[in-house]
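*Asks:* My questions will all concern the structure given below.
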Amino acid sequence: MSPVAECLLAFLFGSVVGLLVQRSRYCNTAALRDAILFKSYRNTKALLVAMMILTVGFTAFISVGAGHPLEFDVGLNTFIGLFLFGIGMVLAGACTVMTWVKTGEGNVGALWALLFTFIGMFLFSLLWSWNYWPPAPASMTGEPNLATLQLGFANARTLQEKLGVPAIVFGLVQAGVLFAIYRAILRRERLQRERHRSEAEARAAAPAQGEKRLQTRAA
Amino acid sequence: MEFFRRTLDPVIALIAIAVLDIFLFLTIGAWTVGGGETMMTGLMAWLVLGDDLQRLPFWNLVFPIRADDWRIYISLGTLFGAAVGAIASGEFRLRVPRHLSEWVLITIGGLLMGIGIRYAYVCNVSTFFGLAPELNLGGYLAVSGIIAGAWVGSLIYKKVLEG
(Lines give C-alpha, C1' and ligand atoms only; values in the text may rest on other atoms or scores of the structure.)
Protein backbone atom coordinates (compact mmCIF):
# COMPACT_ATOMS: atom_id res chain seq x y z
CA MET A 1 0.00 0.00 0.00
CA SER A 2 1.37 3.44 -0.90
CA PRO A 3 2.13 5.90 1.93
CA VAL A 4 -0.69 8.19 0.76
CA ALA A 5 -3.20 5.33 0.82
CA GLU A 6 -1.96 4.36 4.30
CA CYS A 7 -2.42 7.94 5.53
CA LEU A 8 -5.94 8.12 4.03
CA LEU A 9 -6.92 4.81 5.61
CA ALA A 10 -5.49 5.94 8.96
CA PHE A 11 -7.43 9.24 8.74
CA LEU A 12 -10.64 7.37 7.98
CA PHE A 13 -10.07 4.98 10.89
CA GLY A 14 -9.27 7.91 13.20
CA SER A 15 -12.40 9.80 12.13
CA VAL A 16 -14.72 6.89 12.92
CA VAL A 17 -12.95 6.30 16.24
CA GLY A 18 -13.20 10.02 17.11
CA LEU A 19 -16.92 9.99 16.34
CA LEU A 20 -17.59 6.80 18.34
CA VAL A 21 -15.56 7.97 21.34
CA GLN A 22 -17.23 11.41 21.29
CA ARG A 23 -20.73 9.93 21.15
CA SER A 24 -20.11 7.24 23.79
CA ARG A 25 -18.01 9.36 26.21
CA TYR A 26 -15.70 6.33 26.43
CA CYS A 27 -12.54 7.28 28.28
CA ASN A 28 -9.46 5.15 28.86
CA THR A 29 -8.43 7.24 31.86
CA ALA A 30 -11.86 6.75 33.43
CA ALA A 31 -11.62 2.99 32.73
CA LEU A 32 -8.76 2.84 35.24
CA ARG A 33 -9.33 5.90 37.48
CA ASP A 34 -13.04 5.30 38.15
CA ALA A 35 -12.45 1.64 38.94
CA ILE A 36 -9.73 2.62 41.45
CA LEU A 37 -11.32 5.74 42.99
CA PHE A 38 -15.08 5.28 42.71
CA LYS A 39 -15.53 1.52 42.15
CA SER A 40 -17.45 2.41 39.00
CA TYR A 41 -16.87 0.24 35.94
CA ARG A 42 -18.78 1.71 32.96
CA ASN A 43 -15.60 2.27 30.91
CA THR A 44 -13.63 -0.65 32.36
CA LYS A 45 -16.21 -3.14 31.03
CA ALA A 46 -16.07 -1.61 27.53
CA LEU A 47 -12.26 -1.79 27.55
CA LEU A 48 -12.32 -5.46 28.62
CA VAL A 49 -14.83 -6.40 25.89
CA ALA A 50 -12.66 -4.67 23.25
CA MET A 51 -9.54 -6.43 24.55
CA MET A 52 -11.24 -9.84 24.40
CA ILE A 53 -12.29 -9.30 20.76
CA LEU A 54 -8.84 -7.95 19.82
CA THR A 55 -6.99 -10.78 21.56
CA VAL A 56 -8.95 -13.47 19.72
CA GLY A 57 -8.89 -11.51 16.41
CA PHE A 58 -5.19 -10.65 16.46
CA THR A 59 -3.99 -14.09 17.57
CA ALA A 60 -6.26 -15.85 15.04
CA PHE A 61 -4.66 -13.87 12.21
CA ILE A 62 -1.15 -14.20 13.69
CA SER A 63 -1.73 -18.01 13.68
CA VAL A 64 -1.95 -17.93 9.88
CA GLY A 65 0.90 -15.45 9.49
CA ALA A 66 -1.24 -12.38 8.78
CA GLY A 67 -1.22 -8.93 10.38
CA HIS A 68 1.39 -6.40 11.44
CA PRO A 69 2.27 -6.96 15.11
CA LEU A 70 4.51 -4.42 16.87
CA GLU A 71 8.07 -5.64 17.20
CA PHE A 72 10.60 -3.92 19.43
CA ASP A 73 12.54 -4.72 22.60
CA VAL A 74 10.86 -4.03 25.91
CA GLY A 75 12.10 -3.77 29.45
CA LEU A 76 12.20 -1.56 32.50
CA ASN A 77 11.65 1.49 30.29
CA THR A 78 8.25 0.07 29.22
CA PHE A 79 7.10 -0.18 32.83
CA ILE A 80 8.55 3.20 33.89
CA GLY A 81 7.16 4.94 30.81
CA LEU A 82 3.60 3.75 31.32
CA PHE A 83 3.87 4.36 35.07
CA LEU A 84 4.67 8.03 34.38
CA PHE A 85 1.95 8.06 31.73
CA GLY A 86 -0.60 6.61 34.18
CA ILE A 87 0.06 9.38 36.72
CA GLY A 88 -0.04 11.99 33.95
CA MET A 89 -3.34 10.86 32.43
CA VAL A 90 -5.15 10.92 35.79
CA LEU A 91 -3.77 14.40 36.62
CA ALA A 92 -4.63 15.73 33.16
CA GLY A 93 -8.04 14.00 33.25
CA ALA A 94 -7.53 12.64 29.75
CA CYS A 95 -5.40 10.10 27.92
CA THR A 96 -3.99 10.36 24.41
CA VAL A 97 -7.31 9.67 22.67
CA MET A 98 -9.39 11.87 24.96
CA THR A 99 -7.06 14.87 24.54
CA TRP A 100 -7.78 14.76 20.79
CA VAL A 101 -11.52 14.11 21.27
CA LYS A 102 -11.98 16.83 23.90
CA THR A 103 -9.96 19.28 21.79
CA GLY A 104 -12.40 18.52 18.96
CA GLU A 105 -15.25 19.41 21.33
CA GLY A 106 -13.72 22.82 22.03
CA ASN A 107 -12.02 21.99 25.35
CA VAL A 108 -9.09 24.39 25.79
CA GLY A 109 -7.71 22.43 28.75
CA ALA A 110 -7.37 19.32 26.56
CA LEU A 111 -5.57 21.36 23.89
CA TRP A 112 -3.22 22.58 26.62
CA ALA A 113 -2.59 18.96 27.76
CA LEU A 114 -1.86 18.02 24.14
CA LEU A 115 0.57 20.92 23.78
CA PHE A 116 2.43 19.83 26.90
CA THR A 117 2.47 16.20 25.71
CA PHE A 118 4.38 17.51 22.66
CA ILE A 119 6.66 19.58 24.91
CA GLY A 120 7.25 16.51 27.12
CA MET A 121 8.21 14.48 24.05
CA PHE A 122 10.62 17.19 22.90
CA LEU A 123 12.20 17.38 26.37
CA PHE A 124 12.63 13.60 26.22
CA SER A 125 14.39 13.90 22.84
CA LEU A 126 16.91 16.26 24.52
CA LEU A 127 17.45 13.79 27.35
CA TRP A 128 17.76 10.82 24.98
CA SER A 129 20.30 12.65 22.83
CA TRP A 130 22.40 12.92 25.99
CA ASN A 131 22.13 9.41 27.54
CA TYR A 132 20.85 7.22 24.64
CA TRP A 133 18.44 5.21 26.84
CA PRO A 134 16.31 3.24 26.09
CA PRO A 135 18.25 1.83 23.09
CA ALA A 136 17.35 3.01 19.59
CA PRO A 137 15.39 0.51 17.44
CA ALA A 138 18.47 -0.17 15.24
CA SER A 139 20.52 -1.35 18.23
CA MET A 140 17.81 -3.65 19.61
CA THR A 141 18.75 -7.32 19.46
CA GLY A 142 15.51 -9.08 20.40
CA GLU A 143 17.39 -10.83 23.22
CA PRO A 144 17.59 -9.89 26.92
CA ASN A 145 20.21 -7.20 27.51
CA LEU A 146 20.89 -6.57 31.20
CA ALA A 147 23.23 -3.64 30.58
CA THR A 148 20.34 -1.65 29.08
CA LEU A 149 17.71 -3.16 31.42
CA GLN A 150 15.90 -4.74 28.48
CA LEU A 151 14.18 -8.11 28.31
CA GLY A 152 14.19 -8.48 24.53
CA PHE A 153 11.13 -9.25 22.53
CA ALA A 154 8.31 -11.81 22.62
CA ASN A 155 4.75 -11.91 21.33
CA ALA A 156 2.11 -14.36 20.07
CA ARG A 157 4.13 -14.98 16.88
CA THR A 158 7.38 -15.83 18.69
CA LEU A 159 5.44 -18.08 21.10
CA GLN A 160 3.96 -19.93 18.13
CA GLU A 161 7.39 -20.33 16.51
CA LYS A 162 9.15 -21.46 19.68
CA LEU A 163 6.51 -23.82 21.05
CA GLY A 164 4.87 -24.99 17.85
CA VAL A 165 1.40 -24.25 19.26
CA PRO A 166 -0.87 -21.94 17.19
CA ALA A 167 -1.02 -18.38 18.57
CA ILE A 168 -4.83 -18.57 18.85
CA VAL A 169 -4.49 -21.12 21.69
CA PHE A 170 -2.60 -18.55 23.81
CA GLY A 171 -5.07 -15.91 22.67
CA LEU A 172 -8.02 -17.95 23.91
CA VAL A 173 -6.31 -18.39 27.29
CA GLN A 174 -5.79 -14.63 27.60
CA ALA A 175 -9.37 -13.93 26.46
CA GLY A 176 -10.53 -16.37 29.16
CA VAL A 177 -8.61 -14.46 31.83
CA LEU A 178 -10.07 -11.16 30.60
CA PHE A 179 -13.55 -12.72 30.67
CA ALA A 180 -13.01 -13.87 34.26
CA ILE A 181 -12.14 -10.27 35.23
CA TYR A 182 -15.25 -9.07 33.37
CA ARG A 183 -17.44 -11.58 35.24
CA ALA A 184 -15.92 -10.52 38.59
CA ILE A 185 -16.83 -6.89 37.80
CA LEU A 186 -20.42 -7.87 36.92
CA ARG A 187 -20.68 -9.75 40.23
CA ARG A 188 -19.32 -6.76 42.14
CA GLU A 189 -21.82 -4.45 40.41
CA ARG A 190 -24.69 -6.78 41.34
CA LEU A 191 -23.60 -6.72 44.98
CA GLN A 192 -23.35 -2.90 44.87
CA ARG A 193 -26.90 -2.68 43.47
CA GLU A 194 -28.27 -5.03 46.14
CA ARG A 195 -26.57 -3.04 48.89
CA HIS A 196 -27.96 0.24 47.52
CA ARG A 197 -31.44 -1.27 47.36
CA SER A 198 -31.35 -2.55 50.94
CA GLU A 199 -30.00 0.81 52.14
CA ALA A 200 -32.79 2.62 50.29
CA GLU A 201 -35.39 0.28 51.84
CA ALA A 202 -33.92 0.87 55.30
CA ARG A 203 -34.15 4.64 54.73
CA ALA A 204 -37.73 4.36 53.52
CA ALA A 205 -38.67 2.29 56.58
CA ALA A 206 -37.00 4.65 59.09
CA PRO A 207 -39.40 7.65 58.76
CA ALA A 208 -42.39 5.29 58.90
CA GLN A 209 -41.21 4.00 62.27
CA GLY A 210 -40.68 7.59 63.42
CA GLU A 211 -44.27 8.41 62.50
CA LYS A 212 -45.53 5.39 64.44
CA ARG A 213 -43.60 6.57 67.50
CA LEU A 214 -45.18 10.03 67.21
CA GLN A 215 -48.67 8.52 66.92
CA THR A 216 -48.11 6.38 70.03
CA ARG A 217 -46.91 9.42 71.95
CA ALA A 218 -49.95 11.43 70.86
CA ALA A 219 -52.27 8.65 72.02
CA MET B 1 -30.66 11.80 13.87
CA GLU B 2 -30.98 9.52 16.90
CA PHE B 3 -27.22 8.80 16.89
CA PHE B 4 -26.47 12.44 17.71
CA ARG B 5 -29.20 12.83 20.33
CA ARG B 6 -28.40 9.97 22.70
CA THR B 7 -25.19 8.85 24.36
CA LEU B 8 -23.91 5.69 22.71
CA ASP B 9 -23.29 2.65 24.93
CA PRO B 10 -19.48 2.53 25.33
CA VAL B 11 -19.52 -1.28 24.98
CA ILE B 12 -21.10 -0.96 21.51
CA ALA B 13 -18.64 1.82 20.57
CA LEU B 14 -15.67 -0.28 21.66
CA ILE B 15 -16.91 -3.42 19.87
CA ALA B 16 -17.04 -1.36 16.65
CA ILE B 17 -13.58 0.11 17.33
CA ALA B 18 -12.16 -3.38 18.02
CA VAL B 19 -13.48 -4.74 14.70
CA LEU B 20 -12.02 -1.74 12.82
CA ASP B 21 -8.74 -2.12 14.73
CA ILE B 22 -8.44 -5.75 13.56
CA PHE B 23 -8.90 -4.52 9.99
CA LEU B 24 -6.20 -1.87 10.53
CA PHE B 25 -3.89 -4.52 12.10
CA LEU B 26 -4.24 -6.58 8.92
CA THR B 27 -3.53 -3.67 6.57
CA ILE B 28 -1.00 -1.34 8.23
CA GLY B 29 -0.77 -1.97 11.98
CA ALA B 30 -2.86 -1.71 15.15
CA TRP B 31 -4.28 1.58 16.46
CA THR B 32 -1.67 3.84 18.00
CA VAL B 33 -1.52 7.49 19.04
CA GLY B 34 1.86 8.12 20.69
CA GLY B 35 3.98 7.42 17.59
CA GLY B 36 2.00 9.92 15.52
CA GLU B 37 2.24 12.50 18.29
CA THR B 38 6.02 12.10 18.40
CA MET B 39 6.22 12.58 14.65
CA MET B 40 4.10 15.73 15.00
CA THR B 41 6.45 16.94 17.77
CA GLY B 42 9.41 16.39 15.43
CA LEU B 43 7.70 18.21 12.56
CA MET B 44 6.80 21.18 14.76
CA ALA B 45 10.32 21.31 16.24
CA TRP B 46 11.75 21.20 12.71
CA LEU B 47 9.50 24.11 11.66
CA VAL B 48 10.81 26.16 14.60
CA LEU B 49 14.46 25.07 14.71
CA GLY B 50 15.08 24.16 11.07
CA ASP B 51 18.11 21.99 10.36
CA ASP B 52 19.47 22.67 13.87
CA LEU B 53 17.14 19.86 14.96
CA GLN B 54 19.50 17.37 13.29
CA ARG B 55 21.98 18.10 16.08
CA LEU B 56 19.76 16.02 18.35
CA PRO B 57 20.54 12.37 17.50
CA PHE B 58 17.07 11.29 18.74
CA TRP B 59 15.50 12.69 15.58
CA ASN B 60 17.86 10.61 13.39
CA LEU B 61 18.25 7.39 15.32
CA VAL B 62 14.84 6.90 16.94
CA PHE B 63 12.37 9.05 15.01
CA PRO B 64 13.56 10.18 11.58
CA ILE B 65 11.02 12.89 10.73
CA ARG B 66 8.59 12.30 7.89
CA ALA B 67 5.21 13.83 7.15
CA ASP B 68 3.79 10.74 5.38
CA ASP B 69 3.78 8.56 8.50
CA TRP B 70 0.24 7.10 8.73
CA ARG B 71 0.23 7.26 12.53
CA ILE B 72 -0.03 11.08 12.39
CA TYR B 73 -3.29 10.86 10.46
CA ILE B 74 -5.05 8.60 12.96
CA SER B 75 -4.88 11.41 15.52
CA LEU B 76 -5.87 14.11 13.03
CA GLY B 77 -8.81 11.90 12.02
CA THR B 78 -9.80 11.49 15.69
CA LEU B 79 -9.83 15.28 16.10
CA PHE B 80 -11.96 15.62 12.96
CA GLY B 81 -14.40 12.83 13.89
CA ALA B 82 -14.84 14.18 17.42
CA ALA B 83 -15.46 17.71 16.10
CA VAL B 84 -18.11 16.37 13.68
CA GLY B 85 -19.77 14.42 16.52
CA ALA B 86 -19.69 17.42 18.87
CA ILE B 87 -21.04 19.91 16.30
CA ALA B 88 -23.78 17.56 15.02
CA SER B 89 -24.99 16.85 18.57
CA GLY B 90 -24.78 20.47 19.69
CA GLU B 91 -22.13 19.56 22.27
CA PHE B 92 -19.38 21.76 20.80
CA ARG B 93 -18.60 24.50 23.30
CA LEU B 94 -15.44 26.39 24.18
CA ARG B 95 -14.54 25.23 27.66
CA VAL B 96 -11.70 26.87 29.55
CA PRO B 97 -10.45 25.53 32.93
CA ARG B 98 -11.30 28.14 35.60
CA HIS B 99 -8.94 27.37 38.45
CA LEU B 100 -5.19 27.73 38.52
CA SER B 101 -4.93 24.27 40.13
CA GLU B 102 -6.59 22.73 37.04
CA TRP B 103 -4.06 24.41 34.73
CA VAL B 104 -1.19 23.17 36.89
CA LEU B 105 -2.52 19.57 36.95
CA ILE B 106 -3.11 19.56 33.18
CA THR B 107 0.38 20.96 32.51
CA ILE B 108 2.13 18.39 34.73
CA GLY B 109 -0.15 15.61 33.41
CA GLY B 110 0.59 16.51 29.78
CA LEU B 111 4.34 16.60 30.37
CA LEU B 112 4.29 13.23 32.17
CA MET B 113 2.26 11.67 29.35
CA GLY B 114 4.71 12.94 26.71
CA ILE B 115 7.82 11.83 28.60
CA GLY B 116 6.21 8.49 29.57
CA ILE B 117 5.18 7.61 26.02
CA ARG B 118 8.73 8.16 24.78
CA TYR B 119 10.38 6.18 27.59
CA ALA B 120 8.15 3.21 26.84
CA TYR B 121 8.09 3.58 23.01
CA VAL B 122 4.34 3.02 23.38
CA CYS B 123 1.26 4.92 24.51
CA ASN B 124 -1.81 3.74 26.39
CA VAL B 125 -3.67 3.02 23.14
CA SER B 126 -0.92 0.72 21.85
CA THR B 127 -0.85 -0.91 25.28
CA PHE B 128 -4.53 -1.89 25.37
CA PHE B 129 -5.41 -2.02 21.65
CA GLY B 130 -2.15 -3.37 20.20
CA LEU B 131 0.51 -4.86 22.48
CA ALA B 132 -1.60 -6.69 25.08
CA PRO B 133 -3.93 -8.36 22.51
CA GLU B 134 -0.81 -9.40 20.51
CA LEU B 135 0.39 -11.11 23.73
CA ASN B 136 3.48 -8.92 23.61
CA LEU B 137 5.69 -9.11 26.68
CA GLY B 138 5.79 -5.31 26.57
CA GLY B 139 1.99 -5.27 26.83
CA TYR B 140 2.10 -6.92 30.26
CA LEU B 141 4.86 -4.57 31.46
CA ALA B 142 2.91 -1.61 30.10
CA VAL B 143 -0.43 -2.69 31.62
CA SER B 144 1.23 -3.19 35.04
CA GLY B 145 2.93 0.20 34.69
CA ILE B 146 -0.21 2.09 33.72
CA ILE B 147 -2.30 0.50 36.50
CA ALA B 148 0.38 1.37 39.09
CA GLY B 149 0.63 4.90 37.64
CA ALA B 150 -3.15 5.39 37.57
CA TRP B 151 -3.29 4.26 41.21
CA VAL B 152 -0.61 6.77 42.28
CA GLY B 153 -2.24 9.44 40.10
CA SER B 154 -5.63 8.72 41.72
CA LEU B 155 -4.12 9.16 45.21
CA ILE B 156 -2.66 12.54 44.19
CA TYR B 157 -5.93 13.52 42.48
CA LYS B 158 -7.92 12.61 45.61
CA LYS B 159 -5.56 14.66 47.80
CA VAL B 160 -5.95 17.67 45.50
CA LEU B 161 -9.77 17.27 45.40
CA GLU B 162 -10.01 17.01 49.16
CA GLY B 163 -7.37 19.59 49.99
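Residue names in the C-alpha coordinates use chain letters A, B, ... in the order shown, residue numbers from 1 in each chain, and ligand numbers from 1 in the order shown.
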Please identify all residues of chain A having at least one atom at most 6 Å from any atom of chain B, considering only C-alpha atoms, and return them as an MDAnalysis selection string.
*Replies:* chainID A and resid 6:7 10:11 14:15 18:20 22:24 26 46 50 54:55 67:68 74 77:79 81:92 100:101 104:109 113 116:118 120:121 124:125 129 136 154:156
*Asks:* Pick out the residues sitting within 9 Å of Asn43 (chain A), and hand them over as an mmCIF file with N, CA and C atoms, in the first residue's frame; count only C-alpha atoms, and ignore anything fewer than 4 positions along from it in its own chain.
*Replies:*
```cif
data_model
loop_
_atom_site.group_PDB
_atom_site.id
_atom_site.type_symbol
_atom_site.label_atom_id
_atom_site.label_comp_id
_atom_site.auth_asym_id
_atom_site.auth_seq_id
_atom_site.Cartn_x
_atom_site.Cartn_y
_atom_site.Cartn_z
ATOM 1 N N ARG A 25 -18.731 8.841 25.037
ATOM 2 C CA ARG A 25 -18.010 9.364 26.210
ATOM 3 C C ARG A 25 -17.082 8.282 26.775
ATOM 4 N N TYR A 26 -16.639 7.348 25.939
ATOM 5 C CA TYR A 26 -15.698 6.334 26.434
ATOM 6 C C TYR A 26 -14.381 7.016 26.764
ATOM 7 N N CYS A 27 -13.799 6.650 27.887
ATOM 8 C CA CYS A 27 -12.538 7.276 28.282
ATOM 9 C C CYS A 27 -11.628 6.231 28.911
ATOM 10 N N ASN A 28 -10.440 6.102 28.367
ATOM 11 C CA ASN A 28 -9.459 5.146 28.862
ATOM 12 C C ASN A 28 -8.999 5.490 30.273
ATOM 13 N N THR A 29 -8.843 6.797 30.526
ATOM 14 C CA THR A 29 -8.431 7.242 31.862
ATOM 15 C C THR A 29 -9.489 6.832 32.875
ATOM 16 N N ALA A 30 -10.768 7.083 32.522
ATOM 17 C CA ALA A 30 -11.860 6.747 33.434
ATOM 18 C C ALA A 30 -11.934 5.236 33.649
ATOM 19 N N ALA A 31 -11.579 4.457 32.615
ATOM 20 C CA ALA A 31 -11.624 2.992 32.735
ATOM 21 C C ALA A 31 -10.746 2.534 33.899
ATOM 22 N N LEU A 32 -9.634 3.217 34.128
ATOM 23 C CA LEU A 32 -8.756 2.840 35.237
ATOM 24 C C LEU A 32 -9.062 3.662 36.491
ATOM 25 N N ASP A 34 -11.752 5.491 37.491
ATOM 26 C CA ASP A 34 -13.043 5.303 38.152
ATOM 27 C C ASP A 34 -13.115 3.957 38.861
ATOM 28 N N ALA A 35 -12.459 2.948 38.287
ATOM 29 C CA ALA A 35 -12.445 1.639 38.938
ATOM 30 C C ALA A 35 -11.662 1.727 40.250
ATOM 31 N N LEU A 47 -13.659 -1.512 27.882
ATOM 32 C CA LEU A 47 -12.258 -1.789 27.551
ATOM 33 C C LEU A 47 -11.990 -3.297 27.538
ATOM 34 N N LEU A 48 -12.534 -4.006 28.547
ATOM 35 C CA LEU A 48 -12.318 -5.456 28.622
ATOM 36 C C LEU A 48 -12.948 -6.180 27.431
ATOM 37 N N PRO B 10 -20.904 2.686 25.606
ATOM 38 C CA PRO B 10 -19.476 2.533 25.328
ATOM 39 C C PRO B 10 -19.080 1.112 24.904
ATOM 40 N N VAL B 11 -19.842 0.101 25.376
ATOM 41 C CA VAL B 11 -19.518 -1.281 24.981
ATOM 42 C C VAL B 11 -19.719 -1.438 23.469
#
```
*Asks:* How would you write, as a ChimeraX atom specification, the set of residues in chain B that DSSP gives as alpha helix (DSSP H)?
*Replies:* /B:2-5,10-27,34-49,58-61,70-88,100-120,124-126,137-162
*Asks:* Suppose you want the space between CA of Ala66 (chain A) and CA of Pro137 (chain A); what is it in Å?
*Replies:*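 If I compute the distance from CA of Ala66 (chain A) to CA of Pro137 (chain A), I get 22.8 Å.
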